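start-v9.cif (mmCIF, C-alpha atoms and all ligand atoms)
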data_data
loop_
_atom_site.label_atom_id
_atom_site.label_comp_id
_atom_site.auth_asym_id
_atom_site.auth_seq_id
_atom_site.Cartn_x
_atom_site.Cartn_y
_atom_site.Cartn_z
CA MET A 60 -29.38 -2.09 31.29
CA ALA A 61 -27.18 0.53 32.88
CA HIS A 62 -24.75 2.00 30.39
CA GLN A 63 -21.13 2.26 31.47
CA TRP A 64 -19.66 5.49 30.11
CA ARG A 65 -16.67 4.55 27.92
CA GLY A 66 -14.70 7.80 27.93
CA VAL A 67 -14.96 10.64 25.42
CA ILE A 68 -13.14 8.95 22.53
CA ARG A 69 -15.40 5.91 22.36
CA GLU A 70 -18.56 7.94 23.13
CA TYR A 71 -17.83 10.47 20.36
CA ALA A 72 -15.58 8.38 18.07
CA ASP A 73 -17.40 9.41 14.89
CA ARG A 74 -16.56 13.06 15.58
CA LEU A 75 -12.90 12.58 16.55
CA PRO A 76 -9.80 11.77 14.47
CA VAL A 77 -9.67 8.09 15.50
CA THR A 78 -10.56 4.80 13.82
CA GLU A 79 -11.75 1.37 14.95
CA ALA A 80 -8.10 0.31 15.03
CA THR A 81 -6.98 3.13 17.33
CA LYS A 82 -5.55 1.94 20.66
CA VAL A 83 -7.47 4.23 23.01
CA ILE A 84 -5.81 5.43 26.22
CA THR A 85 -8.64 6.31 28.62
CA LEU A 86 -9.43 6.58 32.31
CA GLY A 87 -13.17 6.99 31.68
CA GLU A 88 -13.13 10.80 31.39
CA GLY A 89 -16.15 12.91 30.43
CA GLY A 90 -19.81 12.23 31.13
CA THR A 91 -19.62 14.88 33.87
CA PRO A 92 -22.73 16.26 35.60
CA LEU A 93 -24.58 19.32 34.33
CA VAL A 94 -25.87 20.67 37.64
CA HIS A 95 -28.73 23.17 37.82
CA ALA A 96 -27.41 26.13 39.85
CA GLN A 97 -30.46 27.11 41.89
CA LYS A 98 -29.17 30.30 43.46
CA LEU A 99 -27.49 31.64 40.32
CA SER A 100 -30.73 30.96 38.47
CA GLU A 101 -32.72 32.86 41.12
CA LEU A 102 -30.21 35.71 40.96
CA THR A 103 -30.29 36.13 37.19
CA GLY A 104 -33.78 34.96 36.23
CA SER A 105 -32.15 32.67 33.67
CA GLU A 106 -31.67 28.90 33.96
CA VAL A 107 -28.02 28.58 34.97
CA TYR A 108 -26.22 25.22 34.83
CA LEU A 109 -22.75 24.21 35.99
CA LYS A 110 -20.74 21.74 33.89
CA VAL A 111 -18.83 20.18 36.78
CA GLU A 112 -15.50 19.19 35.26
CA GLY A 113 -13.96 18.43 38.64
CA MET A 114 -15.72 15.06 38.29
CA ASN A 115 -13.19 13.88 35.69
CA PRO A 116 -10.67 11.15 36.66
CA THR A 117 -7.89 13.56 37.67
CA GLY A 118 -10.28 16.30 38.82
CA SER A 119 -10.24 18.69 35.89
CA PHE A 120 -11.40 19.18 32.29
CA LYS A 121 -7.86 18.49 31.06
CA ASP A 122 -8.61 14.75 30.95
CA ARG A 123 -10.86 15.21 27.90
CA GLY A 124 -7.92 16.46 25.86
CA MET A 125 -5.35 14.22 27.50
CA THR A 126 -7.09 10.99 26.44
CA MET A 127 -6.72 12.19 22.83
CA ALA A 128 -3.16 13.50 23.24
CA MET A 129 -1.93 10.32 24.92
CA THR A 130 -3.70 8.15 22.34
CA ALA A 131 -1.94 10.19 19.62
CA ALA A 132 1.40 9.83 21.45
CA VAL A 133 1.07 6.04 21.51
CA GLU A 134 -0.01 6.01 17.86
CA ALA A 135 3.09 8.06 16.96
CA GLY A 136 5.30 5.53 18.73
CA ALA A 137 6.40 8.01 21.40
CA LYS A 138 8.28 6.72 24.44
CA ALA A 139 8.02 9.90 26.51
CA VAL A 140 5.73 12.92 26.76
CA VAL A 141 6.31 16.42 28.10
CA CYS A 142 4.12 19.34 29.12
CA ALA A 143 4.28 22.71 30.78
CA SER A 144 1.56 23.33 33.32
CA THR A 145 0.00 25.52 35.96
CA GLY A 146 -0.90 22.17 37.59
CA ASN A 147 -3.93 20.47 36.09
CA THR A 148 -2.34 19.57 32.77
CA SER A 149 0.60 18.00 34.61
CA ALA A 150 -1.72 15.99 36.89
CA SER A 151 -3.65 14.74 33.86
CA ALA A 152 -0.56 14.05 31.71
CA ALA A 153 1.06 12.11 34.56
CA ALA A 154 -2.02 9.90 35.05
CA TYR A 155 -2.65 9.24 31.35
CA ALA A 156 1.07 8.59 30.67
CA THR A 157 0.92 5.97 33.40
CA ALA A 158 -2.11 4.38 31.74
CA ALA A 159 -0.25 4.46 28.39
CA GLY A 160 2.99 3.09 29.79
CA LEU A 161 4.92 6.19 28.75
CA LYS A 162 7.46 8.30 30.61
CA CYS A 163 6.22 11.77 31.53
CA ALA A 164 8.11 14.97 32.25
CA VAL A 165 6.29 18.05 33.54
CA LEU A 166 7.54 21.62 33.84
CA VAL A 167 5.79 23.79 36.41
CA PRO A 168 6.41 27.32 37.68
CA GLU A 169 8.21 27.11 41.01
CA GLY A 170 5.98 27.79 44.02
CA LYS A 171 2.92 28.60 41.90
CA ILE A 172 1.04 25.33 41.66
CA SER A 173 -1.34 23.94 44.24
CA MET A 174 -0.39 21.11 46.57
CA GLY A 175 -3.09 18.80 45.21
CA LYS A 176 -1.83 19.08 41.64
CA LEU A 177 1.81 18.70 42.65
CA SER A 178 0.91 15.56 44.61
CA GLN A 179 -0.90 14.06 41.62
CA ALA A 180 2.05 14.50 39.23
CA ILE A 181 4.39 12.92 41.78
CA ALA A 182 1.97 10.13 42.74
CA HIS A 183 1.67 9.10 39.09
CA GLY A 184 5.44 8.95 38.76
CA ALA A 185 6.10 11.92 36.47
CA THR A 186 9.49 13.59 36.50
CA LEU A 187 8.55 17.00 37.83
CA LEU A 188 10.83 19.99 37.33
CA GLN A 189 10.07 23.31 38.99
CA VAL A 190 11.27 26.00 36.60
CA ASP A 191 12.55 29.33 37.86
CA GLY A 192 10.01 31.20 35.73
CA ASN A 193 6.28 31.41 35.05
CA PHE A 194 3.99 29.14 33.00
CA ASP A 195 4.78 30.99 29.78
CA ASN A 196 8.50 30.29 30.27
CA CYS A 197 7.71 26.62 30.99
CA LEU A 198 5.68 26.35 27.78
CA ASP A 199 8.53 27.88 25.74
CA ILE A 200 10.89 25.19 27.05
CA ALA A 201 8.33 22.39 26.55
CA ARG A 202 7.76 23.44 22.93
CA LYS A 203 11.51 23.47 22.26
CA LEU A 204 11.90 20.03 23.86
CA GLY A 205 9.10 18.72 21.64
CA GLU A 206 10.76 20.13 18.52
CA ALA A 207 14.40 19.20 19.11
CA TYR A 208 14.31 16.20 21.47
CA PRO A 209 12.60 12.77 21.40
CA VAL A 210 9.60 13.75 23.55
CA PHE A 211 5.96 14.18 22.48
CA LEU A 212 4.37 17.51 23.47
CA VAL A 213 0.93 17.12 25.14
CA ASN A 214 0.12 20.79 25.77
CA SER A 215 -2.94 22.18 23.99
CA VAL A 216 -0.75 23.49 21.16
CA ASN A 217 -1.11 19.82 20.16
CA PRO A 218 -4.39 19.83 18.16
CA ALA A 219 -5.40 16.42 19.60
CA ARG A 220 -5.99 18.16 22.95
CA ILE A 221 -8.54 20.59 21.48
CA GLN A 222 -10.26 17.72 19.65
CA GLY A 223 -10.82 15.92 22.95
CA GLN A 224 -11.87 19.02 24.85
CA LYS A 225 -14.57 19.92 22.31
CA THR A 226 -16.59 16.98 23.69
CA GLY A 227 -17.54 19.21 26.65
CA ALA A 228 -19.77 21.18 24.27
CA PHE A 229 -21.26 17.97 22.85
CA GLU A 230 -22.24 16.79 26.33
CA VAL A 231 -23.89 20.11 27.18
CA VAL A 232 -26.04 19.95 24.04
CA ASP A 233 -26.81 16.25 24.61
CA SER A 234 -28.01 17.09 28.16
CA LEU A 235 -30.03 20.22 27.36
CA GLY A 236 -31.41 19.09 23.99
CA ASP A 237 -29.93 22.18 22.33
CA ALA A 238 -27.06 24.63 22.79
CA PRO A 239 -27.43 27.16 25.63
CA ASP A 240 -27.84 30.87 24.87
CA ILE A 241 -24.63 31.80 26.69
CA HIS A 242 -21.63 29.65 27.61
CA VAL A 243 -19.32 31.05 30.30
CA LEU A 244 -15.86 29.80 31.25
CA PRO A 245 -12.49 30.83 32.70
CA VAL A 246 -9.73 31.65 30.21
CA GLY A 247 -6.02 30.95 30.79
CA ASN A 248 -4.05 29.43 27.97
CA ALA A 249 -7.32 29.73 25.98
CA GLY A 250 -7.51 26.13 24.78
CA ASN A 251 -10.86 25.43 26.41
CA ILE A 252 -12.79 28.40 25.01
CA SER A 253 -11.40 27.46 21.58
CA ALA A 254 -12.40 23.82 22.06
CA TYR A 255 -15.96 24.56 23.25
CA TRP A 256 -16.51 26.90 20.33
CA LYS A 257 -15.25 24.23 17.90
CA GLY A 258 -17.58 21.68 19.53
CA TYR A 259 -20.62 23.95 19.41
CA LYS A 260 -19.99 24.85 15.77
CA GLU A 261 -19.56 21.21 14.76
CA TYR A 262 -22.77 20.18 16.55
CA SER A 263 -24.82 22.94 14.89
CA ALA A 264 -24.06 21.91 11.29
CA PRO A 265 -23.92 18.68 9.26
CA PHE A 266 -20.64 16.92 10.03
CA GLU A 267 -18.62 14.93 7.47
CA THR A 268 -17.20 11.62 8.69
CA ALA A 269 -15.48 8.69 6.96
CA ASN A 270 -18.83 6.85 7.05
CA GLY A 271 -21.07 9.61 5.75
CA THR A 272 -22.56 12.88 6.93
CA LEU A 273 -24.04 13.29 10.43
CA PRO A 274 -26.99 15.71 10.74
CA ALA A 275 -26.82 18.84 12.91
CA VAL A 276 -27.63 18.12 16.57
CA SER A 277 -28.28 21.69 17.80
CA THR A 278 -30.24 24.53 16.22
CA LYS A 279 -27.84 27.28 17.31
CA THR A 280 -24.49 28.13 18.90
CA PRO A 281 -24.11 30.04 22.18
CA ILE A 282 -22.55 33.42 22.85
CA MET A 283 -19.16 32.73 24.47
CA TRP A 284 -18.24 34.67 27.61
CA GLY A 285 -14.67 34.19 28.84
CA PHE A 286 -13.24 35.56 32.07
CA GLN A 287 -9.61 36.06 33.01
CA ALA A 288 -8.07 37.02 36.33
CA ALA A 289 -7.46 40.79 36.34
CA GLY A 290 -3.72 40.35 36.99
CA ALA A 291 -3.42 37.86 34.14
CA ALA A 292 -5.73 39.24 31.46
CA PRO A 293 -3.85 39.48 28.15
CA PHE A 294 -7.07 39.32 26.08
CA VAL A 295 -8.39 42.34 27.95
CA ALA A 296 -5.09 44.19 27.47
CA GLY A 297 -4.98 43.13 23.82
CA HIS A 298 -1.40 41.85 24.12
CA PRO A 299 0.65 39.32 26.15
CA ILE A 300 1.46 40.18 29.78
CA THR A 301 5.03 39.48 30.96
CA GLU A 302 4.37 39.25 34.72
CA PRO A 303 0.92 37.65 35.19
CA ASP A 304 -0.25 37.49 38.78
CA THR A 305 -3.34 36.09 40.52
CA ILE A 306 -4.16 33.83 43.45
CA ALA A 307 -5.94 31.63 40.86
CA THR A 308 -2.70 29.86 39.89
CA ALA A 309 -4.47 27.66 37.32
CA ILE A 310 -5.02 30.70 35.09
CA ARG A 311 -1.83 32.62 35.92
CA ILE A 312 -0.89 32.83 32.23
CA GLY A 313 0.31 35.91 30.32
CA ASN A 314 0.91 34.63 26.80
CA PRO A 315 -1.93 32.25 25.83
CA ALA A 316 -1.03 29.66 23.20
CA SER A 317 -4.50 29.56 21.61
CA TRP A 318 -4.73 33.32 21.08
CA ASP A 319 -6.22 33.48 17.58
CA THR A 320 -8.79 30.71 18.08
CA ALA A 321 -9.95 32.27 21.35
CA VAL A 322 -10.39 35.67 19.70
CA ALA A 323 -12.32 33.92 16.91
CA ALA A 324 -14.55 32.17 19.47
CA ARG A 325 -15.26 35.50 21.15
CA ASP A 326 -15.92 37.44 17.94
CA GLU A 327 -17.74 34.83 15.84
CA SER A 328 -20.11 34.11 18.75
CA GLY A 329 -20.74 37.79 19.48
CA GLY A 330 -19.22 37.23 22.92
CA LEU A 331 -16.61 38.80 25.15
CA ILE A 332 -13.50 38.12 27.21
CA GLU A 333 -13.33 40.29 30.34
CA ALA A 334 -11.51 40.33 33.68
CA VAL A 335 -12.52 39.61 37.28
CA THR A 336 -10.47 40.52 40.35
CA ASP A 337 -9.06 37.98 42.81
CA ASP A 338 -11.62 39.17 45.39
CA GLU A 339 -14.45 38.56 42.90
CA ILE A 340 -13.01 35.11 42.15
CA LEU A 341 -12.89 34.22 45.86
CA ALA A 342 -16.44 35.52 46.41
CA ALA A 343 -17.68 33.32 43.54
CA HIS A 344 -15.70 30.38 44.94
CA ARG A 345 -17.57 30.87 48.26
CA TRP A 346 -20.90 31.30 46.46
CA LEU A 347 -20.50 27.96 44.68
CA SER A 348 -19.59 26.02 47.79
CA ALA A 349 -21.94 27.75 50.25
CA LYS A 350 -25.00 28.29 48.03
CA GLU A 351 -24.88 25.67 45.26
CA GLY A 352 -23.10 22.76 46.96
CA VAL A 353 -20.36 22.64 44.33
CA PHE A 354 -16.71 22.83 45.42
CA VAL A 355 -14.28 24.13 42.80
CA GLU A 356 -10.76 25.50 42.76
CA PRO A 357 -10.37 29.30 42.61
CA GLY A 358 -9.47 29.48 38.90
CA SER A 359 -12.64 27.55 38.12
CA ALA A 360 -14.74 30.19 39.85
CA ALA A 361 -13.68 32.92 37.41
CA GLY A 362 -16.60 32.19 35.09
CA VAL A 363 -19.10 32.39 37.93
CA ALA A 364 -17.44 35.59 39.14
CA GLY A 365 -17.89 36.97 35.65
CA LEU A 366 -21.58 36.08 35.53
CA ILE A 367 -22.21 37.68 38.94
CA LYS A 368 -20.32 40.80 37.85
CA LYS A 369 -22.21 41.07 34.56
CA HIS A 370 -25.49 40.59 36.43
CA ALA A 371 -24.62 43.42 38.83
CA ALA A 372 -23.99 45.64 35.79
CA GLY A 373 -27.42 44.71 34.37
CA ASP A 374 -25.85 42.82 31.46
CA VAL A 375 -27.28 39.32 32.03
CA PRO A 376 -30.57 38.65 30.20
CA SER A 377 -33.35 36.78 32.03
CA GLY A 378 -35.30 33.86 30.59
CA LYS A 379 -32.23 32.37 28.87
CA THR A 380 -30.20 29.20 29.34
CA ILE A 381 -26.68 29.77 30.60
CA VAL A 382 -23.99 27.12 31.11
CA ILE A 383 -20.82 27.78 33.09
CA THR A 384 -17.94 25.32 32.91
CA VAL A 385 -16.40 24.96 36.36
CA THR A 386 -13.10 23.49 35.31
CA GLY A 387 -11.42 21.87 38.34
CA HIS A 388 -12.22 20.29 41.70
CA GLY A 389 -12.06 22.24 44.97
CA LEU A 390 -9.89 19.56 46.56
CA LYS A 391 -7.06 20.54 44.23
CA ASP A 392 -6.49 23.68 46.26
CA PRO A 393 -8.61 23.42 49.43
CA GLN A 394 -6.83 26.07 51.51
CA TRP A 395 -9.03 28.85 50.12
CA ALA A 396 -12.12 27.38 51.79
CA LEU A 397 -10.46 27.87 55.17
CA ARG A 398 -10.04 31.59 54.67
CA THR A 399 -12.71 34.05 55.78
CA GLU A 400 -13.74 37.12 53.82
CA ASP A 401 -11.48 39.34 55.96
CA GLY A 402 -8.49 37.10 55.14
CA SER A 403 -8.13 35.38 58.53
CA ASP A 404 -8.12 31.60 58.86
CA VAL A 405 -11.23 29.70 59.94
CA GLN A 406 -10.58 28.04 63.29
CA PRO A 407 -12.70 24.94 63.94
CA VAL A 408 -14.43 25.08 67.36
CA LYS A 409 -12.99 22.55 69.80
CA VAL A 410 -15.31 20.76 72.21
CA PRO A 411 -14.91 18.13 74.91
CA ASN A 412 -16.09 14.55 74.37
CA ASP A 413 -19.54 15.24 75.84
CA VAL A 414 -23.01 15.39 74.22
CA VAL A 415 -24.41 18.14 76.48
CA THR A 416 -21.59 20.55 75.62
CA VAL A 417 -21.80 19.65 71.90
CA ALA A 418 -25.58 20.25 71.93
CA ALA A 419 -25.09 23.60 73.69
CA GLU A 420 -22.42 24.60 71.17
CA LEU A 421 -24.88 23.73 68.33
CA GLY A 422 -27.63 25.77 69.99
CA LEU A 423 -29.82 22.67 70.49
CA GLU A 424 -32.26 22.23 73.36
CA GLU A 425 -33.18 18.75 74.52
CA ASN A 426 -36.58 17.40 73.24
C1 LIG A 501 -8.92 24.75 36.63
O1 LIG A 501 -2.92 23.03 33.69
O2 LIG A 501 -3.14 25.82 31.70
O3 LIG A 501 -7.92 28.58 28.97
O4 LIG A 501 -1.34 24.05 32.60
O5 LIG A 501 -6.46 24.42 35.31
O6 LIG A 501 -7.90 26.15 28.40
O7 LIG A 501 -5.95 27.19 29.55
C2 LIG A 501 -4.75 25.06 33.22
C3 LIG A 501 -5.76 25.91 32.90
C4 LIG A 501 -9.19 26.98 33.73
C5 LIG A 501 -7.80 27.61 31.84
N1 LIG A 501 -9.46 26.30 34.86
O8 LIG A 501 -8.11 26.85 30.71
C6 LIG A 501 -2.52 23.96 32.97
C7 LIG A 501 -3.46 25.03 32.55
C8 LIG A 501 -8.56 25.46 35.38
C9 LIG A 501 -7.33 25.27 34.75
C10 LIG A 501 -7.99 26.83 33.08
C11 LIG A 501 -7.03 25.98 33.58
P1 LIG A 501 -7.44 27.20 29.33
#
Write-out of the structure in structure tokens:
Amino acid sequence: MAHQWRGVIREYADRLPVTEATKVITLGEGGTPLVHAQKLSELTGSEVYLKVEGMNPTGSFKDRGMTMAMTAAVEAGAKAVVCASTGNTSASAAAYATAAGLKCAVLVPEGKISMGKLSQAIAHGATLLQVDGNFDNCLDIARKLGEAYPVFLVNSVNPARIQGQKTGAFEVVDSLGDAPDIHVLPVGNAGNISAYWKGYKEYSAPFETANGTLPAVSTKTPIMWGFQAAGAAPFVAGHPITEPDTIATAIRIGNPASWDTAVAARDESGGLIEAVTDDEILAAHRWLSAKEGVFVEPGSAAGVAGLIKKHAAGDVPSGKTIVITVTGHGLKDPQWALRTEDGSDVQPVKVPNDVVTVAAELGLEEN
């Protein structure tokens, strides 16, 4: 019998803070493909896989955490939720709040979120406010609203979010049979690198549950490699950045909320957090779509950009297993695909309604 994936809470209930009685708010998130990246594997001599998180219900990895956060909001008796966002969190919060029957308010930096994400928040009926400030300013306000007003905060400072997001690591191990040697991902607010590390650690050791101890699933944990956009790279600077800037608006964040846990993920795993330029991000974005067949948004390409950069520097080992989380769908922010390497716009060729001309334009000769 075909198995219908039940969403990350039901699939991993014994490893999440829920019970049989919990009213689960889900849209069927998780269970995303782990795609073998043929060209990146050829390039590096390692087996490289892409965890394609754009395949989640709202098109990004945020849904894994949002199912937990919205379930917790309902459990707490909340009537309304709030979040700050560079776009994907707001899209996810708006959809899951709808599923939960809750009101949703989202705070986004004015002019700095992609059209796809803006449309999602509005389509799902969230109250969307564009703040005259950046993401970090939005998060400050959202935190204060959560503390002093009757709204439930669903940003990743809420630990339920990290609990849900750790299931990404579980799925990777379940697919590969063990943890990879290296796990690569983009870093913005730093919730995801913290969540993957938590997931990998929990899967590599016996795990205590209410119904007894689960055995370790993996024999090891990976080295964590995080990549930030060069204009928004506080972990590289070693301190928050007040004016973060990058075309990858998803990761345009200067003061990451999960600072300490991300540093722990980097250091405990023997890993690194480095920067890639916007040009490197766009080149990786093109590589994924043109060579692997996987369409992501620019911020999601930062991990791939990092791997390509480390390979060029001779720092990527061969013969290993490497997983890169590509965090959001290309349709979120499709304009970048229509831009050529020299920055001009791609102009589709126009042809008359005539097979001979179309064949000639395609360089085809009649059989
Ligand atoms: C596609 O939606 O912060 O390091 O407000 O949308 O866990 O923050 C999004 C972040 C990577 C960075 N890739 O992850 C938000 C938000 C995509 C993203 C990140 C984000 P974190």
Which residue is closest to Ala182 in chain A? Choose from A:Asn196, A:Ile252, A:Thr117, A:Ser348 and count all atoms listed in the file.
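Smallest distance to Ala182 in chain A is found for A:Thr117.
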Take CA of Leu212 in chain A and CA of Ala128 in chain A and report the distance between them in Å, one decimal.
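Those two atoms sit 8.5 Å apart.
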Hey, could you make a per-residue contact list for chain A against ligand LIG 501 (chain A) with 7 Å as the cut-off, showing the nearest pair of atoms and its distance in Å to one decimal, counting only C-alpha atoms and all ligand atoms, sorted by chain and number, as CSV?
residue,atom,partner,partner_atom,distance
A:Ser119,CA,A:LIG501,C1,6.2
A:Ala143,CA,A:LIG501,O4,6.1
A:Ser144,CA,A:LIG501,O4,3.1
A:Thr145,CA,A:LIG501,O4,3.9
A:Gly146,CA,A:LIG501,O1,4.5
A:Asn147,CA,A:LIG501,O1,3.7
A:Thr148,CA,A:LIG501,O1,3.6
A:Ser149,CA,A:LIG501,O1,6.2
A:Pro245,CA,A:LIG501,C4,5.2
A:Val246,CA,A:LIG501,O3,3.8
A:Gly247,CA,A:LIG501,O3,3.5
A:Asn248,CA,A:LIG501,O7,3.3
A:Ala249,CA,A:LIG501,O3,3.3
A:Gly250,CA,A:LIG501,O6,3.6
A:Asn251,CA,A:LIG501,O6,3.6
A:Ile252,CA,A:LIG501,O3,6.3
A:Ala309,CA,A:LIG501,O5,4.3
A:Ile310,CA,A:LIG501,C10,5.3
A:Glu356,CA,A:LIG501,C1,6.4
A:Gly358,CA,A:LIG501,N1,5.1
A:Ser359,CA,A:LIG501,N1,4.7
A:Thr386,CA,A:LIG501,C1,4.6
A:Gly387,CA,A:LIG501,C1,4.2
Residues near range 303-306 of chain A, cut-off 9 Å, all atoms listed in the file, skip fewer than 3 positions along chain, as a list in words:
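In the requested format, the answer is Lys171, Asn193, Ala288, Ala289, Gly290, Ala291, Ala292, Pro293, Ile300, Ala309, Ile310, Arg311, Ile312, Gly313, Asn314, Thr336, Asp337, Pro357 and Gly358 of chain A.
Of note, CA of Thr85 in chain A and CA of Gly236 in chain A are spaced 26.5 Å apart.
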Nearby residues, (-5.8, 3.8, 24.2) file frame, 9 Å, only C-alpha atoms, as a ChimeraX atom specification:
/A:81-85,126-127,129-131,133-134,158-159
Can I get the selection written as a compact mmCIF listing (two decimals), keeping the file's coordinate frame, with C-alpha atoms?
# COMPACT_ATOMS: atom_id res chain seq x y z
CA THR A 81 -6.98 3.13 17.33
CA LYS A 82 -5.55 1.94 20.66
CA VAL A 83 -7.47 4.23 23.01
CA ILE A 84 -5.81 5.43 26.22
CA THR A 85 -8.64 6.31 28.62
CA THR A 126 -7.09 10.99 26.44
CA MET A 127 -6.72 12.19 22.83
CA MET A 129 -1.93 10.32 24.92
CA THR A 130 -3.70 8.15 22.34
CA ALA A 131 -1.94 10.19 19.62
CA VAL A 133 1.07 6.04 21.51
CA GLU A 134 -0.01 6.01 17.86
CA ALA A 158 -2.11 4.38 31.74
CA ALA A 159 -0.25 4.46 28.39
Go through A:Glu425, A:His95, A:Ile172, A:Glu339 one by one, measure the shortest atom-to-atom distance of each to Glu400 in chain A using all atoms listed in the file, and give the residue with the smallest value.
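With all atoms listed in the file as the atom set, the closest residue is A:Glu339.
Each of A:Asp122, A:Asp73, A:Glu327, A:Glu79 was compared to Ile221 in chain A using all atoms listed in the file, and A:Asp122 turns out to be the nearest.
Using only C-alpha atoms, the nearest neighbour of Val355 in chain A within the list A:Ile332, A:Leu390, A:Ala219, A:Ala152 is A:Leu390.
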Shell of 8 Å around Val210 in chain A, all atoms listed in the file, local chain residues under 3 positions omitted, as a list in words:
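Near neighbours after the sequence-gap exclusion: Ala137, Lys138, Ala139, Val140, Val141, Leu204 and Gly205 of chain A.
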Across A:Pro92, A:Gly124, A:Pro281, A:Pro116, the smallest distance to Val213 in chain A, with all atoms listed in the file counted, is shown by A:Gly124
What gap, in Å, lies between CA of Leu102 in chain A and CA of Leu331 in chain A?
21.1 Å
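Compared by their closest atoms to Gly192 in chain A, and using all atoms listed in the file, the residues A:Glu261, A:Ile68, A:Leu166, A:Glu206 rank with A:Leu166 nearest.
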Neighbour list for Asn270 in chain A as number ranges by chain, cut-off 12 Å, all atoms listed in the file, skip fewer than 3 positions in-chain:
A: 72-74, 78-79, 266-267, 273
Keeping C-alpha atoms, export the residues of the selection given above as a PDB file, in the coordinates of the input.
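Written output follows (part.pdb):
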ATOM      1  CA  ALA A  72     -15.580   8.380  18.070  1.00  0.00           C
ATOM      2  CA  ASP A  73     -17.400   9.410  14.890  1.00  0.00           C
ATOM      3  CA  ARG A  74     -16.560  13.060  15.580  1.00  0.00           C
ATOM      4  CA  THR A  78     -10.560   4.800  13.820  1.00  0.00           C
ATOM      5  CA  GLU A  79     -11.750   1.370  14.950  1.00  0.00           C
ATOM      6  CA  PHE A 266     -20.640  16.920  10.030  1.00  0.00           C
ATOM      7  CA  GLU A 267     -18.620  14.930   7.470  1.00  0.00           C
ATOM      8  CA  LEU A 273     -24.040  13.290  10.430  1.00  0.00           C
TER       9      LEU A 273
END
Residues near Phe354 in chain A, anyone? I mean within 7 Å using all atoms listed in the file, not counting same-chain ones fewer than 4 positions away, as a list in words.
Leu347, Ser348, His388 and Gly389 of chain A
Within 12 Å of Val408 in chain A, counting only C-alpha atoms, which residues show up once you throw out same-chain ones fewer than 6 positions away? Write them as a PyMOL selection string, please.
chain A and resi 416-417+420-421
Kindly write range 215-226 of chain A with N, CA and C atoms to a file, as a CSV table (one decimal), in the first residue's frame.
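Once written, out_0.csv looks like this:
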chain,number,residue,atom,x,y,z
A,215,SER,N,11.6,32.0,14.9
A,215,SER,CA,12.4,30.9,15.4
A,215,SER,C,13.0,31.1,16.7
A,216,VAL,N,12.8,32.3,17.3
A,216,VAL,CA,13.1,32.4,18.8
A,216,VAL,C,12.2,31.6,19.6
A,217,ASN,N,11.1,31.2,19.0
A,217,ASN,CA,10.1,30.2,19.6
A,217,ASN,C,10.7,28.8,19.4
A,218,PRO,N,11.1,28.1,20.6
A,218,PRO,CA,11.8,26.9,20.4
A,218,PRO,C,11.0,25.8,19.6
A,219,ALA,N,9.7,25.9,19.5
A,219,ALA,CA,8.9,25.0,18.8
A,219,ALA,C,9.3,24.9,17.3
A,220,ARG,N,9.7,26.1,16.8
A,220,ARG,CA,10.2,26.2,15.4
A,220,ARG,C,11.4,25.3,15.1
A,221,ILE,N,12.4,25.4,16.0
A,221,ILE,CA,13.6,24.6,15.9
A,221,ILE,C,13.3,23.2,16.0
A,222,GLN,N,12.4,22.8,16.9
A,222,GLN,CA,12.0,21.4,17.1
A,222,GLN,C,11.5,20.8,15.7
A,223,GLY,N,10.6,21.6,15.1
A,223,GLY,CA,10.1,21.1,13.8
A,223,GLY,C,11.1,21.1,12.7
A,224,GLN,N,12.0,22.1,12.7
A,224,GLN,CA,13.0,22.1,11.6
A,224,GLN,C,14.1,21.1,11.7
A,225,LYS,N,14.3,20.5,12.9
A,225,LYS,CA,15.3,19.5,13.1
A,225,LYS,C,14.9,18.2,12.3
A,226,THR,N,13.7,18.1,11.9
A,226,THR,CA,13.2,16.9,11.1
A,226,THR,C,13.9,16.8,9.8
